[in-house]
Amino acid sequence: MGVKVVKRYGDTFKEKIYISAIFGGMKTTFKHFIKNLSDASNIHTLSYPEELPKDITPQYHGVHRLTHRKDDNSIACVACFMCATACPAECIEIVAQERDDDVDEKMPAIFNIDLLECIFCAYCVEACPCDAIRMDTGIFSLIGNKREDFVYNKEKLLSLKGISQEEYSLAK
Amino acid sequence: MNTFLILLPLILTILFSLITVPVLVWMERRVAALIQDRLGPNRCNIKGIRLGGLVQSVADMMKLVQKEEFLPSHIKNKFYHIIAPSIAFMSAFLTFMVIPYADNIKIESTTYYMQALPIDLGVLWFLAFAGLGVYGIILGGWASHSKYSLIGSIRAAAQVIGYEVAMGLSLVSILITYGTISLNEMVIYQTQNFFYIPAWGIFIQPLASLIFVVTAFAETNRAPFDAAEGESEIVAGYHTEYGAMKFGLYFVAEYIAMAASGALIVTMLLGGYQLPYLNTQDLINNFDLILWILIILTIVMSFLFIGWIRSHNILVLNGLNETKLYTSFILIFSTFFVILMSYYSFGYGGANDIGVMILQFVIFTLKLFVLHFVFIWVRWTLPRFRYDQTQKLGWNILLPLSLFNIFITAIVVVGVNYGS
């Protein structure tokens with residue numbers, strides 16, 4: 001076992017009088033000041049409402065959407081309640097209904113997500129066995145005038161489009 | 001005319017201490033933003049006119065004025081609580097009174113002083129009122145009857161005791177060099193040359209200048225010596241219990257105190273209103289030449305500035321077209337000044353001394369704003385000193401250094417006087 005000697009700073013006279021360090025720091029900040037003053041395009045600040053972020057990927061936890069089946073474009077959800085069970089915020093409300101068109105056995109009659117209660121954890125997306133619920137819409141800004149505007153129902157969720165390549169449900 | 005010349009320094013004092021505060025707040029925000037690679041305030045507007053963000057600080061002041069005056073119910077000494085910010089504000093305001101904005105002007109055998117208070121004890125007036133400004137902070141912290149406020153004000157008190165000593169002693173060595181305590185005579189002394197460099201305080205007394213600048217930062221409670229405010233440890237320090245315009249007065253007082261210390265540093269260490277190598281008589285005699293240089297400078301600077309505005313108006317808001325408006329304003333103003341200056345430079349008008357007075361005032365303002373930039377620059381570069389480090393720096397380093405500097409200065413001055 002060798003002893004590693006760590007060099008300690010601050011003992012020399014030059015470091016003790018601080019002056020050179022202070023002027024070094026001031027030089028750095030002045031460089032930034034001059035660079036940004038002479039060319040403001042160096043600054044990465046987004047002027048938000050006019051300028052929107054360009055780095056929103058399908059992995060971003062945006063507003064949820066319900067997917068469609070590839071074959072007949074009907075709802076992919078089978079009302080299995082997995083998402084509502086997994087949800088830690090208990091913001092998903094499902095009422096199941098029998099399905100008559102021989103595509104599947106069950107479908108949701110009501111599928112409401114209260115986005116004011118939602119914590120955007122994407123546990124519902126992970127829990128879904130049918131790839132029926134996704135958070136790939138890329139919508140990061142939710143606007144409404146009353147509380148009811150933030151409860152998205154089945155039709156609203158089905159109408160949202162994703163920004164990923166796969167538009168339809170990938171479930172077999 | 002005579003009444004105007006007597007009132008002019010008073011008007012300038014009010015302008016310098018009150019009108020510059022929004023400008024300083026704006027400078028603080030913009031410089032901080034640019035140093036930290038941000039944009040700073042650029043949204044607040046009147047019909048799309050933002051003045052580069054200056055409207056924001058006016059809006060902030062209007063907000064502070066309109067807020068409800070709230071007095072916490074636990075405060076027993078209401079009178080002291082209310083009067084404390086006024087003391088801080090008034091003493092910062094009065095500090096400005098002794099600063100010479102231009103050389104004394106002699107018209108028809110009457111001398112007019114460009115100081116609001118033309119006394120010879122300028123430096124002592126500054127020391128007295130700068131010290132009294134801290135009294136407002138101490139009183140406010142004590143009368144707030146809150147632990148945070150009290151700790152903040154005790155810190156301010158201890159710091160001011162420590163740094164006032166070093167400040168006074170560094171001033172003594174500057175005064176020994178100049179041989180006068182009148183601020184105007186100090187500026188006149190600094191027009192001499194000293195081995196081909198201008199005899200500015202910062203060149204002939206570098207150590208005392210350094211100590212004075214450091215203590216001036218501490219005296220105005222600016223970063224890196226703002227432990228009295230210390231928002232990371234004691235909420236907001238001495239103004240924790242203050243809101244609305246009572247807080248606004250403290251806020252304004254800090255900036256006026258900064259402006260006043262800046263003005264004193266300019267006057268004592270940076271040659272005041274003088275240009276290097278040129279005294280007032282030279283300026284008056286060669287006024288035509290100076291005007292020609294100024295005309296060329298005005299034209300070049302206005303075109304550079306217009307180009308800069310055109311390429312930097314990134315965010316365009318609804319309303320009037322700002323770029324066009326500013327360009328036409330700058331063109332109209334610079335044309336007006338060029339015509340005015342060329343009228344005088346062809347020798348039609350004979351008011352050279354008035355012109356030199358205006359020129360010196362402009363030089364003083366420019367130097368002052370450079371110094372304000374330095375104050376802001378230092379604030380956004382250096383982290384806050386820990387409280388014990390502040391005390392150690394004041395008592396263990398600055399005090400012995402300033403004493404040492406007095407001995408060296410005295411020996412040199414006596415030696416030079418003995419030799420000559």
# chains A, B, ... in the order shown; residues from 1 in each chain; ligands from 1

$ residues_around --residues "range 89-96 of chain A" --least-positions-apart "4" --cutoff "7 Å" --atoms "only C-alpha atoms" --output "PyMOL selection string"
chain A and resi 79+84+106-114+117-119

$ write_last_selection --atoms "C-alpha atoms" --output "mmCIF file, in the first residue's frame"
data_model
loop_
_atom_site.group_PDB
_atom_site.id
_atom_site.type_symbol
_atom_site.label_atom_id
_atom_site.label_comp_id
_atom_site.auth_asym_id
_atom_site.auth_seq_id
_atom_site.Cartn_x
_atom_site.Cartn_y
_atom_site.Cartn_z
ATOM 1 C CA ALA A 79 -60.312 -2.401 -20.888
ATOM 2 C CA ALA A 84 -55.538 2.099 -13.851
ATOM 3 C CA LYS A 106 -63.986 -5.956 -24.338
ATOM 4 C CA MET A 107 -63.431 -2.265 -24.947
ATOM 5 C CA PRO A 108 -63.717 0.815 -22.725
ATOM 6 C CA ALA A 109 -67.008 2.680 -22.723
ATOM 7 C CA ILE A 110 -65.415 5.512 -20.745
ATOM 8 C CA PHE A 111 -61.663 6.187 -20.589
ATOM 9 C CA ASN A 112 -60.874 9.399 -18.718
ATOM 10 C CA ILE A 113 -57.445 10.673 -17.692
ATOM 11 C CA ASP A 114 -57.373 13.585 -15.287
ATOM 12 C CA GLU A 117 -53.746 14.520 -11.151
ATOM 13 C CA CYS A 118 -51.399 12.700 -13.528
ATOM 14 C CA ILE A 119 -47.728 12.781 -12.583
#

$ closest_atom_pairs --of "chain B" --to "chain A" --cutoff "6 Å" --atoms "only C-alpha atoms" --output "CSV"
residue,atom,partner,partner_atom,distance
B:Leu34,CA,A:Phe33,CA,5.1
B:Ile35,CA,A:Phe33,CA,4.6
B:Asp37,CA,A:Ile43,CA,5.6
B:Thr381,CA,A:Met26,CA,6.0

$ select_by_dssp --residues "range 31-143 of chain A" --states "strand (DSSP E or B)" --output "list in words"
Arg65, Leu66, His68, Ile75, Ile92, Glu93, Ile94, Val95, Ala96, Gln97, Glu98, Lys106, Met107, Pro108, Ala109, Ile110, Phe111, Asn112, Ile113, Asp114, Ile133 and Arg134 of chain A

$ write_last_selection --atoms "N, CA and C atoms" --output "compact mmCIF listing (two decimals), in the first residue's frame"
# COMPACT_ATOMS: atom_id res chain seq x y z
N ARG A 65 -51.99 9.25 -25.30
CA ARG A 65 -52.96 9.04 -26.38
C ARG A 65 -53.32 7.57 -26.41
N LEU A 66 -54.50 7.23 -26.98
CA LEU A 66 -54.91 5.84 -27.15
C LEU A 66 -54.67 5.46 -28.60
N HIS A 68 -54.75 3.02 -32.17
CA HIS A 68 -55.74 2.28 -32.97
C HIS A 68 -55.14 0.94 -33.40
N ILE A 75 -60.37 0.93 -31.70
CA ILE A 75 -59.57 1.19 -30.51
C ILE A 75 -58.82 -0.07 -30.09
N ILE A 92 -56.71 7.53 -13.76
CA ILE A 92 -57.37 6.91 -14.91
C ILE A 92 -58.69 6.30 -14.47
N GLU A 93 -59.74 6.68 -15.19
CA GLU A 93 -61.07 6.15 -14.88
C GLU A 93 -61.55 5.37 -16.10
N ILE A 94 -61.84 4.01 -15.91
CA ILE A 94 -62.25 3.17 -17.03
C ILE A 94 -63.58 2.52 -16.68
N VAL A 95 -64.50 2.55 -17.63
CA VAL A 95 -65.72 1.74 -17.52
C VAL A 95 -65.73 0.80 -18.72
N ALA A 96 -65.78 -0.53 -18.45
CA ALA A 96 -65.66 -1.50 -19.55
C ALA A 96 -67.00 -1.76 -20.20
N GLN A 97 -66.90 -2.33 -21.40
CA GLN A 97 -68.10 -2.54 -22.20
C GLN A 97 -67.84 -3.77 -23.07
N GLU A 98 -68.88 -4.54 -23.36
CA GLU A 98 -68.70 -5.70 -24.22
C GLU A 98 -68.59 -5.24 -25.66
N LYS A 106 -63.62 -7.11 -25.18
CA LYS A 106 -63.99 -5.96 -24.34
C LYS A 106 -63.39 -4.68 -24.93
N MET A 107 -63.99 -3.58 -24.62
CA MET A 107 -63.43 -2.27 -24.95
C MET A 107 -63.93 -1.27 -23.91
N PRO A 108 -63.24 -0.15 -23.72
CA PRO A 108 -63.72 0.81 -22.73
C PRO A 108 -64.90 1.60 -23.25
N ALA A 109 -65.92 1.77 -22.39
CA ALA A 109 -67.01 2.68 -22.72
C ALA A 109 -66.60 4.10 -22.36
N ILE A 110 -65.94 4.21 -21.18
CA ILE A 110 -65.41 5.51 -20.74
C ILE A 110 -63.93 5.33 -20.45
N PHE A 111 -63.10 6.22 -20.93
CA PHE A 111 -61.66 6.19 -20.59
C PHE A 111 -61.24 7.63 -20.34
N ASN A 112 -61.21 8.01 -19.06
CA ASN A 112 -60.87 9.40 -18.72
C ASN A 112 -59.53 9.46 -18.03
N ILE A 113 -58.69 10.40 -18.42
CA ILE A 113 -57.45 10.67 -17.69
C ILE A 113 -57.52 12.10 -17.19
N ASP A 114 -57.40 12.23 -15.85
CA ASP A 114 -57.37 13.59 -15.29
C ASP A 114 -55.92 14.05 -15.29
N ILE A 133 -51.99 2.40 -24.81
CA ILE A 133 -51.80 3.77 -24.30
C ILE A 133 -50.33 4.13 -24.46
N ARG A 134 -50.09 5.32 -24.97
CA ARG A 134 -48.72 5.78 -25.17
C ARG A 134 -48.63 7.23 -24.72

$ closest_residue --among "B:Phe194, B:Gln56, B:Phe126, B:Ala260" --to "Ile14 in chain B" --atoms "only C-alpha atoms"
B:Ala260

$ select_by_dssp --residues "range 253-308 of chain B" --states "helix (DSSP H, G or I)" --output "ChimeraX atom specification"
/B:253-269,280-285,287-308

$ write_last_selection --atoms "C-alpha atoms" --output "CSV table (one decimal), in the first residue's frame"
chain,number,residue,atom,x,y,z
B,253,ALA,CA,-30.0,53.3,-1.4
B,254,GLU,CA,-27.7,50.4,-2.3
B,255,TYR,CA,-27.4,51.6,-5.9
B,256,ILE,CA,-27.0,55.2,-4.9
B,257,ALA,CA,-24.3,54.3,-2.4
B,258,MET,CA,-22.6,52.3,-5.2
B,259,ALA,CA,-22.9,55.3,-7.5
B,260,ALA,CA,-21.5,57.6,-4.9
B,261,SER,CA,-18.5,55.4,-4.1
B,262,GLY,CA,-17.9,55.1,-7.8
B,263,ALA,CA,-18.0,58.8,-8.2
B,264,LEU,CA,-15.5,59.2,-5.3
B,265,ILE,CA,-13.2,56.6,-6.8
B,266,VAL,CA,-13.4,58.4,-10.2
B,267,THR,CA,-12.6,61.7,-8.5
B,268,MET,CA,-9.8,60.6,-6.3
B,269,LEU,CA,-8.1,57.8,-8.2
B,280,THR,CA,-8.8,72.6,-18.4
B,281,GLN,CA,-6.8,75.5,-19.9
B,282,ASP,CA,-5.5,73.2,-22.8
B,283,LEU,CA,-9.1,72.1,-23.5
B,284,ILE,CA,-10.4,75.7,-23.7
B,285,ASN,CA,-7.5,76.8,-25.9
B,287,PHE,CA,-11.5,73.5,-28.2
B,288,ASP,CA,-12.0,73.6,-32.1
B,289,LEU,CA,-9.7,70.6,-32.6
B,290,ILE,CA,-11.4,68.7,-29.8
B,291,LEU,CA,-14.8,69.4,-31.4
B,292,TRP,CA,-13.6,68.1,-34.8
B,293,ILE,CA,-12.4,64.9,-33.1
B,294,LEU,CA,-15.8,64.6,-31.3
B,295,ILE,CA,-17.7,65.1,-34.6
B,296,ILE,CA,-15.8,62.2,-36.2
B,297,LEU,CA,-16.3,60.1,-33.1
B,298,THR,CA,-20.1,60.8,-33.1
B,299,ILE,CA,-20.5,59.8,-36.7
B,300,VAL,CA,-18.4,56.6,-36.4
B,301,MET,CA,-20.0,55.6,-33.1
B,302,SER,CA,-23.6,56.2,-34.3
B,303,PHE,CA,-23.1,54.1,-37.4
B,304,LEU,CA,-21.5,51.3,-35.4
B,305,PHE,CA,-24.3,51.5,-32.9
B,306,ILE,CA,-27.0,51.4,-35.6
B,307,GLY,CA,-25.3,48.3,-37.1
B,308,TRP,CA,-25.2,46.6,-33.7

$ atom_distance --atom1 "CA of Leu275 in chain B" --atom2 "CA of Leu12 in chain B"
20.2 Å

$ residues_around --residues "range 102-112 of chain B" --least-positions-apart "4" --cutoff "7 Å" --atoms "only C-alpha atoms" --output "list in words"
Leu5, Ile6, Tyr273, Met357, Gln360 and Phe361 of chain B

$ residues_around --residues "range 218-223 of chain B" --least-positions-apart "4" --cutoff "8 Å" --atoms "only C-alpha atoms" --output "list in words"
Ala130, Gly131, Val134, Ala156, Gln159, Val160, Tyr163, Glu164, Val214, Ala227, Ala228, Glu254, Ala257, Met258, Ser261, Val378, Arg379, Leu382, Pro383 and Arg384 of chain B

$ closest_residue --among "B:Ile161, B:Leu139, B:Pro72, B:Lys147" --to "Gln391 in chain B" --atoms "only C-alpha atoms"
B:Ile161

$ decode --residues "range 114-161 of chain B" --atoms "N, CA and C atoms" --output "PDB file, in the first residue's frame"
ATOM      1  N   MET B 114     -18.817  73.585  -9.763  1.00  0.00           N
ATOM      2  CA  MET B 114     -19.617  72.481 -10.272  1.00  0.00           C
ATOM      3  C   MET B 114     -19.722  71.374  -9.229  1.00  0.00           C
ATOM      4  N   GLN B 115     -19.796  71.778  -7.956  1.00  0.00           N
ATOM      5  CA  GLN B 115     -20.097  70.853  -6.867  1.00  0.00           C
ATOM      6  C   GLN B 115     -21.401  71.337  -6.252  1.00  0.00           C
ATOM      7  N   ALA B 116     -22.273  70.407  -5.863  1.00  0.00           N
ATOM      8  CA  ALA B 116     -23.518  70.852  -5.247  1.00  0.00           C
ATOM      9  C   ALA B 116     -23.225  71.523  -3.916  1.00  0.00           C
ATOM     10  N   LEU B 117     -22.175  71.061  -3.241  1.00  0.00           N
ATOM     11  CA  LEU B 117     -21.811  71.619  -1.941  1.00  0.00           C
ATOM     12  C   LEU B 117     -20.328  71.967  -2.019  1.00  0.00           C
ATOM     13  N   PRO B 118     -19.972  73.178  -2.440  1.00  0.00           N
ATOM     14  CA  PRO B 118     -18.558  73.478  -2.691  1.00  0.00           C
ATOM     15  C   PRO B 118     -17.770  73.708  -1.411  1.00  0.00           C
ATOM     16  N   ILE B 119     -17.580  72.668  -0.617  1.00  0.00           N
ATOM     17  CA  ILE B 119     -16.766  72.812   0.587  1.00  0.00           C
ATOM     18  C   ILE B 119     -15.437  72.122   0.356  1.00  0.00           C
ATOM     19  N   ASP B 120     -14.442  72.505   1.173  1.00  0.00           N
ATOM     20  CA  ASP B 120     -13.120  71.914   1.015  1.00  0.00           C
ATOM     21  C   ASP B 120     -13.013  70.573   1.710  1.00  0.00           C
ATOM     22  N   LEU B 121     -13.996  70.228   2.546  1.00  0.00           N
ATOM     23  CA  LEU B 121     -13.893  69.007   3.348  1.00  0.00           C
ATOM     24  C   LEU B 121     -14.581  67.836   2.646  1.00  0.00           C
ATOM     25  N   GLY B 122     -14.473  67.787   1.308  1.00  0.00           N
ATOM     26  CA  GLY B 122     -15.219  66.795   0.556  1.00  0.00           C
ATOM     27  C   GLY B 122     -15.044  65.373   1.032  1.00  0.00           C
ATOM     28  N   VAL B 123     -13.800  64.984   1.286  1.00  0.00           N
ATOM     29  CA  VAL B 123     -13.522  63.597   1.666  1.00  0.00           C
ATOM     30  C   VAL B 123     -14.167  63.265   3.008  1.00  0.00           C
ATOM     31  N   LEU B 124     -14.100  64.229   3.927  1.00  0.00           N
ATOM     32  CA  LEU B 124     -14.666  63.970   5.254  1.00  0.00           C
ATOM     33  C   LEU B 124     -16.190  63.837   5.160  1.00  0.00           C
ATOM     34  N   TRP B 125     -16.796  64.671   4.322  1.00  0.00           N
ATOM     35  CA  TRP B 125     -18.255  64.574   4.085  1.00  0.00           C
ATOM     36  C   TRP B 125     -18.605  63.187   3.574  1.00  0.00           C
ATOM     37  N   PHE B 126     -17.818  62.704   2.624  1.00  0.00           N
ATOM     38  CA  PHE B 126     -18.070  61.365   2.078  1.00  0.00           C
ATOM     39  C   PHE B 126     -17.977  60.312   3.177  1.00  0.00           C
ATOM     40  N   LEU B 127     -16.892  60.380   3.976  1.00  0.00           N
ATOM     41  CA  LEU B 127     -16.706  59.370   5.027  1.00  0.00           C
ATOM     42  C   LEU B 127     -17.863  59.413   6.008  1.00  0.00           C
ATOM     43  N   ALA B 128     -18.281  60.632   6.386  1.00  0.00           N
ATOM     44  CA  ALA B 128     -19.349  60.772   7.375  1.00  0.00           C
ATOM     45  C   ALA B 128     -20.634  60.137   6.860  1.00  0.00           C
ATOM     46  N   PHE B 129     -21.027  60.460   5.620  1.00  0.00           N
ATOM     47  CA  PHE B 129     -22.322  59.994   5.165  1.00  0.00           C
ATOM     48  C   PHE B 129     -22.299  58.546   4.707  1.00  0.00           C
ATOM     49  N   ALA B 130     -21.135  58.073   4.234  1.00  0.00           N
ATOM     50  CA  ALA B 130     -21.052  56.650   3.909  1.00  0.00           C
ATOM     51  C   ALA B 130     -21.203  55.832   5.184  1.00  0.00           C
ATOM     52  N   GLY B 131     -20.620  56.311   6.292  1.00  0.00           N
ATOM     53  CA  GLY B 131     -20.769  55.623   7.571  1.00  0.00           C
ATOM     54  C   GLY B 131     -22.204  55.681   8.067  1.00  0.00           C
ATOM     55  N   LEU B 132     -22.852  56.829   7.854  1.00  0.00           N
ATOM     56  CA  LEU B 132     -24.226  56.978   8.322  1.00  0.00           C
ATOM     57  C   LEU B 132     -25.184  56.076   7.556  1.00  0.00           C
ATOM     58  N   GLY B 133     -24.857  55.796   6.302  1.00  0.00           N
ATOM     59  CA  GLY B 133     -25.702  54.908   5.512  1.00  0.00           C
ATOM     60  C   GLY B 133     -25.806  53.546   6.150  1.00  0.00           C
ATOM     61  N   VAL B 134     -24.686  53.067   6.701  1.00  0.00           N
ATOM     62  CA  VAL B 134     -24.714  51.776   7.377  1.00  0.00           C
ATOM     63  C   VAL B 134     -25.539  51.862   8.655  1.00  0.00           C
ATOM     64  N   TYR B 135     -25.599  53.071   9.246  1.00  0.00           N
ATOM     65  CA  TYR B 135     -26.437  53.247  10.440  1.00  0.00           C
ATOM     66  C   TYR B 135     -27.895  52.934  10.125  1.00  0.00           C
ATOM     67  N   GLY B 136     -28.354  53.318   8.928  1.00  0.00           N
ATOM     68  CA  GLY B 136     -29.724  52.987   8.517  1.00  0.00           C
ATOM     69  C   GLY B 136     -29.933  51.491   8.474  1.00  0.00           C
ATOM     70  N   ILE B 137     -28.931  50.762   7.984  1.00  0.00           N
ATOM     71  CA  ILE B 137     -29.024  49.299   7.924  1.00  0.00           C
ATOM     72  C   ILE B 137     -29.084  48.710   9.322  1.00  0.00           C
ATOM     73  N   ILE B 138     -28.205  49.222  10.212  1.00  0.00           N
ATOM     74  CA  ILE B 138     -28.161  48.694  11.579  1.00  0.00           C
ATOM     75  C   ILE B 138     -29.488  48.947  12.281  1.00  0.00           C
ATOM     76  N   LEU B 139     -29.996  50.173  12.149  1.00  0.00           N
ATOM     77  CA  LEU B 139     -31.244  50.531  12.819  1.00  0.00           C
ATOM     78  C   LEU B 139     -32.407  49.695  12.275  1.00  0.00           C
ATOM     79  N   GLY B 140     -32.442  49.518  10.956  1.00  0.00           N
ATOM     80  CA  GLY B 140     -33.518  48.736  10.364  1.00  0.00           C
ATOM     81  C   GLY B 140     -33.503  47.303  10.857  1.00  0.00           C
ATOM     82  N   GLY B 141     -32.298  46.703  10.934  1.00  0.00           N
ATOM     83  CA  GLY B 141     -32.186  45.332  11.398  1.00  0.00           C
ATOM     84  C   GLY B 141     -32.601  45.192  12.845  1.00  0.00           C
ATOM     85  N   TRP B 142     -32.233  46.177  13.665  1.00  0.00           N
ATOM     86  CA  TRP B 142     -32.580  46.100  15.083  1.00  0.00           C
ATOM     87  C   TRP B 142     -34.067  46.312  15.287  1.00  0.00           C
ATOM     88  N   ALA B 143     -34.641  47.296  14.592  1.00  0.00           N
ATOM     89  CA  ALA B 143     -36.055  47.621  14.795  1.00  0.00           C
ATOM     90  C   ALA B 143     -36.972  46.565  14.206  1.00  0.00           C
ATOM     91  N   SER B 144     -36.459  45.720  13.303  1.00  0.00           N
ATOM     92  CA  SER B 144     -37.305  44.678  12.718  1.00  0.00           C
ATOM     93  C   SER B 144     -37.660  43.605  13.729  1.00  0.00           C
ATOM     94  N   HIS B 145     -36.864  43.493  14.825  1.00  0.00           N
ATOM     95  CA  HIS B 145     -37.156  42.553  15.889  1.00  0.00           C
ATOM     96  C   HIS B 145     -37.237  41.136  15.350  1.00  0.00           C
ATOM     97  N   SER B 146     -36.268  40.775  14.507  1.00  0.00           N
ATOM     98  CA  SER B 146     -36.237  39.435  13.958  1.00  0.00           C
ATOM     99  C   SER B 146     -34.802  38.949  14.007  1.00  0.00           C
ATOM    100  N   LYS B 147     -34.603  37.649  14.221  1.00  0.00           N
ATOM    101  CA  LYS B 147     -33.243  37.125  14.379  1.00  0.00           C
ATOM    102  C   LYS B 147     -32.420  37.373  13.130  1.00  0.00           C
ATOM    103  N   TYR B 148     -33.003  37.091  11.985  1.00  0.00           N
ATOM    104  CA  TYR B 148     -32.261  37.224  10.730  1.00  0.00           C
ATOM    105  C   TYR B 148     -31.832  38.671  10.505  1.00  0.00           C
ATOM    106  N   SER B 149     -32.794  39.584  10.737  1.00  0.00           N
ATOM    107  CA  SER B 149     -32.484  40.999  10.532  1.00  0.00           C
ATOM    108  C   SER B 149     -31.381  41.434  11.477  1.00  0.00           C
ATOM    109  N   LEU B 150     -31.494  40.982  12.746  1.00  0.00           N
ATOM    110  CA  LEU B 150     -30.508  41.408  13.739  1.00  0.00           C
ATOM    111  C   LEU B 150     -29.133  40.880  13.382  1.00  0.00           C
ATOM    112  N   ILE B 151     -29.054  39.602  12.965  1.00  0.00           N
ATOM    113  CA  ILE B 151     -27.753  39.047  12.583  1.00  0.00           C
ATOM    114  C   ILE B 151     -27.191  39.822  11.406  1.00  0.00           C
ATOM    115  N   GLY B 152     -28.049  40.119  10.434  1.00  0.00           N
ATOM    116  CA  GLY B 152     -27.601  40.872   9.269  1.00  0.00           C
ATOM    117  C   GLY B 152     -27.071  42.231   9.645  1.00  0.00           C
ATOM    118  N   SER B 153     -27.784  42.928  10.526  1.00  0.00           N
ATOM    119  CA  SER B 153     -27.345  44.278  10.848  1.00  0.00           C
ATOM    120  C   SER B 153     -26.103  44.259  11.719  1.00  0.00           C
ATOM    121  N   ILE B 154     -25.968  43.215  12.583  1.00  0.00           N
ATOM    122  CA  ILE B 154     -24.738  43.125  13.385  1.00  0.00           C
ATOM    123  C   ILE B 154     -23.542  42.868  12.477  1.00  0.00           C
ATOM    124  N   ARG B 155     -23.763  42.029  11.468  1.00  0.00           N
ATOM    125  CA  ARG B 155     -22.698  41.784  10.500  1.00  0.00           C
ATOM    126  C   ARG B 155     -22.303  43.071   9.801  1.00  0.00           C
ATOM    127  N   ALA B 156     -23.321  43.854   9.396  1.00  0.00           N
ATOM    128  CA  ALA B 156     -23.028  45.116   8.709  1.00  0.00           C
ATOM    129  C   ALA B 156     -22.242  46.032   9.623  1.00  0.00           C
ATOM    130  N   ALA B 157     -22.642  46.077  10.918  1.00  0.00           N
ATOM    131  CA  ALA B 157     -21.967  46.966  11.863  1.00  0.00           C
ATOM    132  C   ALA B 157     -20.518  46.564  12.033  1.00  0.00           C
ATOM    133  N   ALA B 158     -20.291  45.253  12.258  1.00  0.00           N
ATOM    134  CA  ALA B 158     -18.924  44.787  12.492  1.00  0.00           C
ATOM    135  C   ALA B 158     -18.068  45.011  11.260  1.00  0.00           C
ATOM    136  N   GLN B 159     -18.670  44.775  10.109  1.00  0.00           N
ATOM    137  CA  GLN B 159     -17.916  44.930   8.865  1.00  0.00           C
ATOM    138  C   GLN B 159     -17.539  46.385   8.645  1.00  0.00           C
ATOM    139  N   VAL B 160     -18.469  47.289   8.962  1.00  0.00           N
ATOM    140  CA  VAL B 160     -18.188  48.696   8.696  1.00  0.00           C
ATOM    141  C   VAL B 160     -17.124  49.221   9.647  1.00  0.00           C
ATOM    142  N   ILE B 161     -17.125  48.701  10.898  1.00  0.00           N
ATOM    143  CA  ILE B 161     -16.064  49.122  11.817  1.00  0.00           C
ATOM    144  C   ILE B 161     -14.715  48.679  11.279  1.00  0.00           C
TER     145      ILE B 161
END
